[in-house]
>>> print(open('coords.txt').read())   # compact mmCIF, C-alpha atoms and all ligand atoms
# COMPACT_ATOMS: atom_id res chain seq x y z
CA MET A 1 25.26 9.54 3.87
CA LYS A 2 22.03 11.37 4.56
CA ASN A 3 21.25 12.52 8.04
CA ILE A 4 17.91 10.83 8.68
CA GLU A 5 17.74 11.98 12.28
CA ALA A 6 17.82 15.61 11.10
CA LEU A 7 14.53 14.89 9.30
CA ILE A 8 12.76 13.52 12.36
CA ARG A 9 10.48 15.91 14.26
CA PRO A 10 12.20 17.01 17.49
CA ASN A 11 9.34 15.76 19.67
CA ILE A 12 9.68 12.30 18.11
CA LEU A 13 13.47 12.30 18.55
CA ALA A 14 12.91 13.14 22.22
CA LEU A 15 10.06 10.67 22.69
CA GLU A 16 10.26 8.26 25.58
CA PRO A 17 8.19 5.41 24.13
CA TYR A 18 5.54 3.63 26.18
CA SER A 19 7.15 0.77 27.99
CA THR A 20 4.85 -2.23 28.22
CA ALA A 21 4.80 -4.58 31.20
CA ARG A 22 6.36 -7.34 29.06
CA ASP A 23 9.12 -4.98 27.81
CA ASP A 24 10.33 -4.46 31.36
CA PHE A 25 10.64 -8.15 32.15
CA LYS A 26 13.19 -10.39 30.45
CA GLY A 27 13.41 -14.08 31.29
CA GLU A 28 11.18 -17.07 31.96
CA ALA A 29 8.14 -16.82 34.20
CA SER A 30 4.90 -18.64 34.87
CA VAL A 31 2.99 -16.13 36.96
CA PHE A 32 2.11 -12.95 35.09
CA ILE A 33 0.62 -10.44 37.47
CA ASP A 34 2.25 -7.43 35.84
CA ALA A 35 -0.32 -6.22 33.30
CA ASN A 36 -3.70 -6.20 35.08
CA GLU A 37 -5.01 -8.88 32.75
CA ASN A 38 -7.75 -11.37 33.59
CA PRO A 39 -5.76 -14.41 34.82
CA TRP A 40 -7.95 -17.19 33.33
CA ASN A 41 -6.64 -18.45 30.02
CA ASN A 42 -9.13 -18.15 27.17
CA GLY A 43 -6.50 -17.74 24.45
CA TYR A 44 -6.82 -13.96 24.41
CA ASN A 45 -6.62 -12.84 28.03
CA ARG A 46 -2.98 -11.74 27.59
CA TYR A 47 -1.74 -8.67 25.72
CA PRO A 48 -0.06 -9.57 22.43
CA ASP A 49 3.70 -9.25 21.80
CA PRO A 50 4.23 -5.53 21.02
CA ARG A 51 7.30 -6.49 18.96
CA GLN A 52 5.34 -9.09 16.97
CA ARG A 53 8.35 -11.39 16.76
CA ARG A 54 6.59 -14.53 15.51
CA LEU A 55 4.51 -12.73 12.91
CA LYS A 56 7.53 -10.71 11.78
CA ASP A 57 9.52 -13.90 11.23
CA ALA A 58 6.73 -15.37 9.11
CA VAL A 59 6.12 -12.19 7.09
CA ALA A 60 9.85 -11.58 6.58
CA ASN A 61 10.20 -15.10 5.27
CA LEU A 62 7.13 -14.77 3.01
CA GLU A 63 8.25 -11.47 1.48
CA ASN A 64 11.98 -12.28 1.53
CA ILE A 65 12.95 -9.39 3.81
CA LYS A 66 15.31 -9.25 6.79
CA VAL A 67 13.45 -8.95 10.12
CA GLU A 68 15.57 -5.95 11.16
CA ASN A 69 14.19 -4.06 8.14
CA LEU A 70 10.54 -4.84 8.90
CA PHE A 71 7.81 -2.75 10.55
CA LEU A 72 4.31 -4.21 10.83
CA GLY A 73 1.25 -2.00 10.88
CA ASN A 74 -2.51 -2.22 11.08
CA GLY A 75 -2.56 -2.23 7.28
CA SER A 76 0.00 -0.26 5.30
CA ASP A 77 -2.35 2.67 5.92
CA GLU A 78 -0.96 2.75 9.47
CA ALA A 79 2.60 2.83 8.12
CA ILE A 80 1.69 5.83 5.92
CA ASP A 81 0.28 7.69 8.91
CA VAL A 82 3.20 6.81 11.19
CA LEU A 83 5.73 8.01 8.59
CA MET A 84 3.94 11.35 8.32
CA ARG A 85 3.87 11.73 12.09
CA ILE A 86 7.60 11.04 12.34
CA PHE A 87 8.87 13.19 9.50
CA CYS A 88 6.37 15.99 8.86
CA ARG A 89 5.78 18.98 11.11
CA PRO A 90 2.05 19.84 11.08
CA GLY A 91 1.31 23.17 9.41
CA VAL A 92 4.90 23.48 8.16
CA ASP A 93 6.05 20.55 6.02
CA ASN A 94 4.77 19.19 2.73
CA ILE A 95 4.78 15.91 0.83
CA ILE A 96 4.79 15.18 -2.89
CA VAL A 97 2.42 12.67 -4.46
CA GLN A 98 1.69 11.53 -8.00
CA ALA A 99 -1.62 12.65 -9.51
CA PRO A 100 -3.55 10.44 -9.81
CA SER A 101 -2.53 8.06 -7.04
CA TYR A 102 -3.81 6.24 -3.95
CA GLY A 103 -6.27 8.42 -2.00
CA MET A 104 -5.00 7.62 1.50
CA TYR A 105 -1.84 9.74 1.11
CA LYS A 106 -3.97 12.87 0.88
CA VAL A 107 -6.31 11.86 3.69
CA SER A 108 -3.47 10.98 6.04
CA ALA A 109 -1.72 14.24 5.18
CA ALA A 110 -4.91 16.23 5.79
CA ILE A 111 -5.37 14.59 9.20
CA ASN A 112 -1.79 15.50 10.10
CA ASP A 113 -2.14 19.05 8.68
CA ILE A 114 0.51 18.47 6.02
CA GLU A 115 0.39 20.19 2.64
CA VAL A 116 0.13 17.84 -0.36
CA ARG A 117 1.87 18.80 -3.62
CA PRO A 118 0.55 16.74 -6.51
CA VAL A 119 2.74 16.10 -9.54
CA LEU A 120 0.55 15.52 -12.57
CA LEU A 121 1.50 12.37 -14.50
CA ASP A 122 1.72 12.53 -18.30
CA ASP A 123 -0.97 11.24 -20.70
CA ASP A 124 0.26 7.69 -20.28
CA PHE A 125 0.65 8.12 -16.51
CA GLY A 126 4.43 8.35 -16.65
CA LEU A 127 6.27 10.35 -13.97
CA ASP A 128 8.75 13.09 -14.93
CA VAL A 129 11.58 13.25 -12.39
CA GLU A 130 12.20 16.94 -13.13
CA ASP A 131 8.54 17.71 -12.40
CA VAL A 132 8.98 16.08 -9.01
CA PHE A 133 11.98 18.22 -8.12
CA SER A 134 10.33 21.39 -9.39
CA ARG A 135 7.84 20.97 -6.50
CA VAL A 136 10.45 20.26 -3.80
CA ASP A 137 11.32 23.04 -1.36
CA GLU A 138 13.11 23.16 2.00
CA ASN A 139 9.98 21.88 3.78
CA THR A 140 9.40 18.86 1.56
CA ARG A 141 9.87 15.84 3.77
CA ILE A 142 8.37 12.90 1.87
CA ILE A 143 8.06 11.97 -1.81
CA MET A 144 5.34 9.31 -2.04
CA LEU A 145 5.69 7.05 -5.05
CA CYS A 146 3.20 4.28 -5.68
CA SER A 147 4.58 1.57 -7.94
CA PRO A 148 2.71 -0.06 -9.57
CA ASN A 149 0.48 2.96 -9.16
CA ASN A 150 -3.15 2.82 -8.09
CA PRO A 151 -5.32 3.56 -10.13
CA THR A 152 -3.10 3.66 -13.24
CA GLY A 153 -1.37 0.27 -13.02
CA ARG A 154 1.90 1.78 -14.23
CA SER A 155 5.23 1.32 -12.43
CA VAL A 156 7.92 3.88 -11.72
CA PRO A 157 11.17 2.55 -13.25
CA ILE A 158 13.55 1.42 -10.53
CA GLU A 159 16.30 3.62 -11.96
CA ASP A 160 14.05 6.67 -11.46
CA ILE A 161 13.37 5.59 -7.89
CA ARG A 162 17.10 5.37 -7.27
CA LEU A 163 17.74 8.78 -8.87
CA ILE A 164 15.00 10.44 -6.84
CA ALA A 165 16.19 8.89 -3.56
CA GLU A 166 19.81 9.83 -4.24
CA ARG A 167 18.98 13.41 -5.14
CA PHE A 168 16.33 14.11 -2.50
CA ASP A 169 17.33 15.03 1.04
CA GLY A 170 14.05 13.81 2.54
CA ILE A 171 12.30 10.43 2.71
CA VAL A 172 11.21 8.54 -0.42
CA VAL A 173 8.34 6.12 0.14
CA VAL A 174 7.61 3.50 -2.53
CA ASP A 175 4.22 1.85 -2.04
CA GLU A 176 4.49 -1.66 -3.50
CA ALA A 177 0.99 -2.89 -2.62
CA TYR A 178 0.74 -4.41 -6.13
CA ILE A 179 4.35 -5.49 -6.74
CA HIS A 180 3.47 -9.19 -6.72
CA PHE A 181 1.58 -8.75 -10.00
CA SER A 182 4.48 -6.95 -11.67
CA GLU A 183 7.61 -8.09 -13.43
CA GLU A 184 9.49 -4.93 -12.44
CA PRO A 185 12.17 -5.35 -9.76
CA SER A 186 11.23 -4.35 -6.21
CA ALA A 187 12.71 -1.22 -4.62
CA ILE A 188 13.50 -3.41 -1.61
CA THR A 189 16.72 -4.30 -3.45
CA LEU A 190 17.80 -0.64 -2.90
CA ILE A 191 17.13 -0.47 0.85
CA ASP A 192 20.68 -1.30 1.94
CA ASP A 193 22.13 1.44 -0.30
CA LEU A 194 19.60 4.20 0.27
CA GLU A 195 18.99 5.03 3.91
CA ASN A 196 16.15 7.46 3.06
CA LEU A 197 14.09 4.83 1.22
CA VAL A 198 10.98 3.19 2.72
CA VAL A 199 9.07 0.49 0.83
CA LEU A 200 5.49 -0.36 1.77
CA ARG A 201 3.90 -3.75 1.25
CA THR A 202 0.68 -5.31 2.44
CA LEU A 203 -0.99 -8.66 3.01
CA SER A 204 -4.21 -7.10 1.64
CA LYS A 205 -3.78 -7.72 -2.09
CA ALA A 206 -1.82 -10.69 -3.50
CA ARG A 207 -1.72 -12.35 -0.08
CA GLY A 208 -5.50 -12.36 0.16
CA LEU A 209 -5.81 -11.03 3.72
CA ALA A 210 -7.38 -7.56 3.37
CA GLY A 211 -9.72 -8.34 6.27
CA MET A 212 -6.79 -9.13 8.54
CA ARG A 213 -5.22 -5.62 8.44
CA VAL A 214 -1.50 -6.36 8.20
CA GLY A 215 0.75 -4.03 6.25
CA MET A 216 4.45 -3.43 6.39
CA ALA A 217 7.18 -0.90 5.91
CA VAL A 218 10.63 -2.06 4.84
CA ALA A 219 13.44 0.34 5.70
CA SER A 220 16.71 0.82 7.54
CA PRO A 221 16.79 -0.41 11.18
CA LEU A 222 16.90 3.26 12.26
CA ILE A 223 13.63 4.17 10.53
CA VAL A 224 12.02 0.89 11.64
CA ASP A 225 13.00 1.72 15.22
CA TYR A 226 11.36 5.16 15.11
CA MET A 227 8.23 3.71 13.50
CA SER A 228 8.03 1.13 16.29
CA ARG A 229 8.27 3.86 18.92
CA VAL A 230 5.43 5.87 17.39
CA LYS A 231 2.92 3.07 16.68
CA TYR A 232 0.40 1.97 19.29
CA PRO A 233 2.19 -0.69 21.36
CA TYR A 234 -0.43 -3.34 20.51
CA ASN A 235 -1.28 -2.28 16.95
CA ILE A 236 -1.56 -5.92 15.80
CA SER A 237 -4.02 -7.95 17.87
CA GLN A 238 -3.42 -11.50 19.09
CA ALA A 239 -6.38 -12.64 16.95
CA THR A 240 -4.69 -11.13 13.88
CA ILE A 241 -1.32 -12.64 14.77
CA ASP A 242 -2.80 -16.12 15.22
CA LYS A 243 -4.90 -16.05 12.06
CA ALA A 244 -2.18 -14.50 9.90
CA LEU A 245 0.33 -17.14 11.06
CA GLU A 246 -2.19 -19.85 10.25
CA PHE A 247 -2.81 -18.51 6.73
CA ILE A 248 0.81 -17.79 5.91
CA GLY A 249 1.79 -21.23 7.19
CA SER A 250 -0.84 -23.12 5.22
CA ASN A 251 -1.36 -21.16 2.01
CA THR A 252 1.14 -22.39 -0.54
CA ASP A 253 -1.20 -21.29 -3.28
CA TYR A 254 -0.07 -17.67 -3.67
CA ASP A 255 2.12 -18.24 -6.73
CA ARG A 256 -0.65 -20.05 -8.56
CA GLN A 257 -3.25 -17.40 -7.67
CA ILE A 258 -0.96 -14.62 -8.85
CA ALA A 259 -0.26 -16.48 -12.10
CA VAL A 260 -4.01 -16.91 -12.70
CA ILE A 261 -4.66 -13.22 -12.05
CA ILE A 262 -1.92 -12.18 -14.48
CA GLU A 263 -3.29 -14.57 -17.10
CA GLU A 264 -6.84 -13.28 -16.52
CA ARG A 265 -5.61 -9.69 -16.74
CA LYS A 266 -4.36 -10.39 -20.24
CA LYS A 267 -7.54 -12.26 -21.23
CA LEU A 268 -9.83 -9.56 -19.85
CA LYS A 269 -7.81 -6.89 -21.63
CA ASP A 270 -8.26 -8.76 -24.94
CA ARG A 271 -11.98 -9.21 -24.36
CA LEU A 272 -12.58 -5.59 -23.34
CA SER A 273 -10.55 -4.16 -26.20
CA GLY A 274 -13.06 -5.75 -28.60
CA LEU A 275 -15.89 -3.64 -27.16
CA LYS A 276 -17.08 -0.48 -28.90
CA SER A 277 -17.81 1.28 -25.60
CA VAL A 278 -14.17 0.83 -24.52
CA GLU A 279 -11.84 3.52 -25.82
CA LYS A 280 -8.59 2.61 -24.15
CA ILE A 281 -7.15 0.08 -21.75
CA TYR A 282 -3.98 1.19 -19.99
CA PRO A 283 -1.12 -1.29 -19.55
CA SER A 284 -1.19 -2.69 -16.02
CA ASP A 285 1.41 -4.20 -13.70
CA ALA A 286 -1.27 -4.66 -11.02
CA ASN A 287 -4.38 -6.80 -10.37
CA PHE A 288 -6.68 -4.31 -12.05
CA LEU A 289 -7.20 -2.59 -15.37
CA LEU A 290 -7.84 1.12 -15.83
CA VAL A 291 -10.28 1.40 -18.70
CA LYS A 292 -11.40 4.53 -20.55
CA VAL A 293 -14.99 4.10 -21.73
CA ASP A 294 -17.61 6.11 -23.61
CA ASP A 295 -19.46 7.18 -20.46
CA ALA A 296 -18.04 6.03 -17.12
CA ASN A 297 -21.01 7.13 -15.03
CA ARG A 298 -23.53 5.41 -17.27
CA MET A 299 -21.49 2.19 -17.42
CA TYR A 300 -20.90 2.27 -13.68
CA ASP A 301 -24.63 2.57 -12.99
CA TYR A 302 -25.52 -0.13 -15.50
CA LEU A 303 -23.10 -2.58 -13.91
CA ALA A 304 -24.12 -1.65 -10.36
CA GLU A 305 -27.79 -2.25 -11.16
CA ARG A 306 -26.78 -5.76 -12.21
CA GLY A 307 -24.78 -6.44 -9.06
CA ILE A 308 -21.30 -5.72 -10.42
CA VAL A 309 -19.31 -3.07 -8.59
CA VAL A 310 -16.31 -1.42 -10.24
CA ARG A 311 -14.42 1.69 -9.15
CA ASN A 312 -15.41 4.88 -10.95
CA ARG A 313 -12.30 7.07 -11.26
CA THR A 314 -13.76 9.65 -13.65
CA THR A 315 -13.16 12.59 -11.31
CA GLN A 316 -9.45 11.78 -10.81
CA PRO A 317 -6.76 13.77 -12.66
CA ARG A 318 -6.33 12.50 -16.27
CA CYS A 319 -8.93 9.79 -15.57
CA HIS A 320 -11.99 11.30 -17.27
CA ASN A 321 -14.40 8.43 -18.12
CA CYS A 322 -12.12 5.86 -16.53
CA LEU A 323 -13.22 2.84 -14.54
CA ARG A 324 -10.82 0.78 -12.48
CA ILE A 325 -11.70 -2.88 -12.73
CA THR A 326 -10.17 -5.46 -10.38
CA ILE A 327 -9.35 -8.83 -11.92
CA GLY A 328 -11.81 -11.29 -10.37
CA THR A 329 -12.16 -15.04 -10.72
CA PRO A 330 -12.42 -16.30 -14.33
CA GLU A 331 -16.20 -16.66 -13.78
CA GLU A 332 -16.53 -13.09 -12.50
CA ASN A 333 -14.53 -11.71 -15.41
CA GLU A 334 -16.75 -13.61 -17.83
CA GLN A 335 -19.85 -12.22 -16.12
CA LEU A 336 -18.45 -8.70 -16.49
CA VAL A 337 -17.81 -9.14 -20.23
CA LYS A 338 -21.30 -10.60 -20.78
CA THR A 339 -22.91 -7.73 -18.91
CA LEU A 340 -20.92 -5.20 -20.95
CA LEU A 341 -22.04 -6.89 -24.16
CA SER A 342 -25.65 -6.42 -23.09
CA TYR A 343 -24.84 -2.81 -22.08
CA GLU A 344 -23.66 -2.16 -25.62
CA LYS A 345 -26.71 -3.79 -27.13
CA GLU A 346 -29.11 -1.82 -24.95
CA THR A 347 -27.36 1.51 -25.36
CA ALA A 348 -27.16 0.98 -29.13
CA ASP A 349 -30.93 0.38 -29.24
CA ASN A 350 -31.66 3.73 -27.61
C1 LIG A 401 -4.81 -1.35 -1.35
C2 LIG A 401 -3.64 -0.46 -1.19
C3 LIG A 401 -2.91 -0.47 -0.01
C4 LIG A 401 -3.27 -1.41 1.09
O1 LIG A 401 -3.52 -0.81 2.27
P1 LIG A 401 -3.74 -1.73 3.55
O2 LIG A 401 -3.97 -0.70 4.60
O3 LIG A 401 -2.46 -2.50 3.76
O4 LIG A 401 -4.90 -2.63 3.29
C5 LIG A 401 -1.81 0.34 0.10
N1 LIG A 401 -1.43 1.12 -0.92
C6 LIG A 401 -2.10 1.14 -2.07
C7 LIG A 401 -1.63 1.98 -3.19
C8 LIG A 401 -3.24 0.36 -2.24
O5 LIG A 401 -3.92 0.40 -3.38
>>> encode(input="coords.txt", output="structure tokens")
Amino acid sequence: MKNIEALIRPNILALEPYSTARDDFKGEASVFIDANENPWNNGYNRYPDPRQRRLKDAVANLENIKVENLFLGNGSDEAIDVLMRIFCRPGVDNIIVQAPSYGMYKVSAAINDIEVRPVLLDDDFGLDVEDVFSRVDENTRIIMLCSPNNPTGRSVPIEDIRLIAERFDGIVVVDEAYIHFSEEPSAITLIDDLENLVVLRTLSKARGLAGMRVGMAVASPLIVDYMSRVKYPYNISQATIDKALEFIGSNTDYDRQIAVIIEERKKLKDRLSGLKSVEKIYPSDANFLLVKVDDANRMYDYLAERGIVVRNRTTQPRCHNCLRITIGTPEENEQLVKTLLSYEKETADN
């Protein structure tokens, strides 16, 4: 057993969380004059449920998670920040991230004055477990793994995740924003065995609700409890709760959309690999392809001038001349290929 409480910052252990008006009262009532709200009902005059019980039930059911293991945040970006604030002492502790990986880990760490130790991935974006542990010292509190990784599309094998979590005395976070597009097993299956494991998910990608800002952390009830104490009491608005419930309740189309995206990923990969300007397409378990091209800046500009925006990753570690291309609708993917064919024609003429 790992002692998770020994990893929590003393001020967080000692924290007396904000007690909302509705937390203090338990029972049935019809007159609510406890929270200084406007009394006339317009649908939003009341503060939302700080424990988000209805939305948690729906999200837990959607993602096949137990409610007691679920934290909801204003995007998974909030969960990343809350985890750093719980486990990392500013100016003292450090975290380990893959390089390249999702940019928010670094930003959140910088805001919290936490040192970031990047572990460079190999040429094919694989992670070496020994490299990870060579960077760990007594102040390493979090190992951030993104699987499938953004921007590489490659997953960390679940056996490596288990090995890292068993061996490491801090917290291992596995960001599964893209897991729905992958055939690899989810690290959520390890939660009950590994008390230092936290898995992040989001409604922003496969679930089609990036504008809604709902992300989640899946972890032991102990970690979920500390995350709930540290978050803003009303981090998910009533408008978000209502709309998210409506979408989750009515959208039975997720499986089909995911299947189409996976099919389109394969098709787009085949089409792009026939292009002369494309040097390499990395295997992807996500809803994007990382593509090495002849000249990423030139291709980026060419596409942008024609109204097609991709993500230029050329300055990222091991990503020289790489573009990250999200799988769009079949029509959008076709438009991309056509535009790249004209790019090749025009650049060949010059
Ligand atoms: C898009 C993305 C997220 C999603 O963040 P939200 O705040 O939930 O929208 C999280 N992690 C990674 C790696 C991502 O690419």
>>> residues_around(input="coords.txt", residues="Ala79 (chain A)", least_positions_apart="5", cutoff="12 Å", atoms="all atoms listed in the file", output="JSON, numbers by chain")
{"A": [70, 71, 72, 73, 74, 84, 85, 86, 104, 105, 108, 173, 174, 175, 198, 199, 200, 201, 202, 213, 214, 215, 216, 217, 218, 219, 223, 224, 226, 227, 228, 230, 231, 232, 235]}
>>> axis_aligned_box(input="coords.txt", around="ligand LIG 401 (chain A)", padding_each_side="8 Å", output="lines of an AutoDock Vina configuration file")
center_x = -3.2
center_y = -0.3
center_z = 0.6
size_x = 19.5
size_y = 20.6
size_z = 24.0
>>> closest_residue(input="coords.txt", among="A:Arg51, A:Arg324, A:Arg298, A:Lys276", to="ligand LIG 401 (chain A)", atoms="only C-alpha atoms and all ligand atoms")
A:Arg324
>>> atom_distance(input="coords.txt", atom1="CA of Glu263 (chain A)", atom2="CA of Ala206 (chain A)")
14.2 Å
>>> closest_residue(input="coords.txt", among="A:Phe25, A:Phe133, A:Phe288, A:Tyr102", to="ligand LIG 401 (chain A)", atoms="all atoms listed in the file")
A:Tyr102
>>> closest_residue(input="coords.txt", among="A:Asp285, A:Glu264, A:Glu246, A:Glu176", to="ligand LIG 401 (chain A)", atoms="all atoms listed in the file")
A:Glu176
>>> residues_around(input="coords.txt", residues="Cys88 (chain A)", least_positions_apart="6", cutoff="9 Å", atoms="all atoms listed in the file", output="compact mmCIF listing (two decimals) with C-alpha atoms, in the coordinates of the input")
# COMPACT_ATOMS: atom_id res chain seq x y z
CA LEU A 7 14.53 14.89 9.30
CA ILE A 8 12.76 13.52 12.36
CA ARG A 9 10.48 15.91 14.26
CA ASN A 94 4.77 19.19 2.73
CA ILE A 95 4.78 15.91 0.83
CA ASN A 112 -1.79 15.50 10.10
CA ILE A 114 0.51 18.47 6.02
CA ASN A 139 9.98 21.88 3.78
CA THR A 140 9.40 18.86 1.56
CA ARG A 141 9.87 15.84 3.77
CA ILE A 142 8.37 12.90 1.87
>>> closest_residue(input="coords.txt", among="A:Leu83, A:Leu341, A:Ala177, A:Val309", to="Leu197 (chain A)", atoms="only C-alpha atoms")
A:Leu83
>>> residues_around(input="coords.txt", residues="Arg271 (chain A)", least_positions_apart="2", cutoff="12 Å", atoms="all atoms listed in the file", output="JSON, numbers by chain")
{"A": [264, 265, 266, 267, 268, 269, 273, 274, 275, 276, 278, 281, 333, 334, 335, 336, 337, 338, 340, 341]}
>>> closest_residue(input="coords.txt", among="A:Val156, A:Ala296, A:Met212, A:Val92", to="ligand LIG 401 (chain A)", atoms="only C-alpha atoms and all ligand atoms")
A:Met212
>>> closest_residue(input="coords.txt", among="A:Ala286, A:Ala14, A:Ala29, A:Leu62", to="Ala244 (chain A)", atoms="all atoms listed in the file")
A:Leu62
>>> atom_distance(input="coords.txt", atom1="CA of Cys146 (chain A)", atom2="atom C2 of ligand LIG 401 (chain A)")
9.5 Å
>>> atom_distance(input="coords.txt", atom1="CA of Glu332 (chain A)", atom2="CA of Gly75 (chain A)")
26.5 Å
>>> residues_around(input="coords.txt", residues="Asp128 (chain A)", least_positions_apart="4", cutoff="12 Å", atoms="all atoms listed in the file", output="list in words")
Gln98, Ala99, Val119, Leu120, Leu121, Asp122, Asp123, Asp124, Val132, Phe133, Ser134, Arg135, Leu145, Val156, Pro157, Asp160, Ile161, Leu163 and Ile164 of chain A
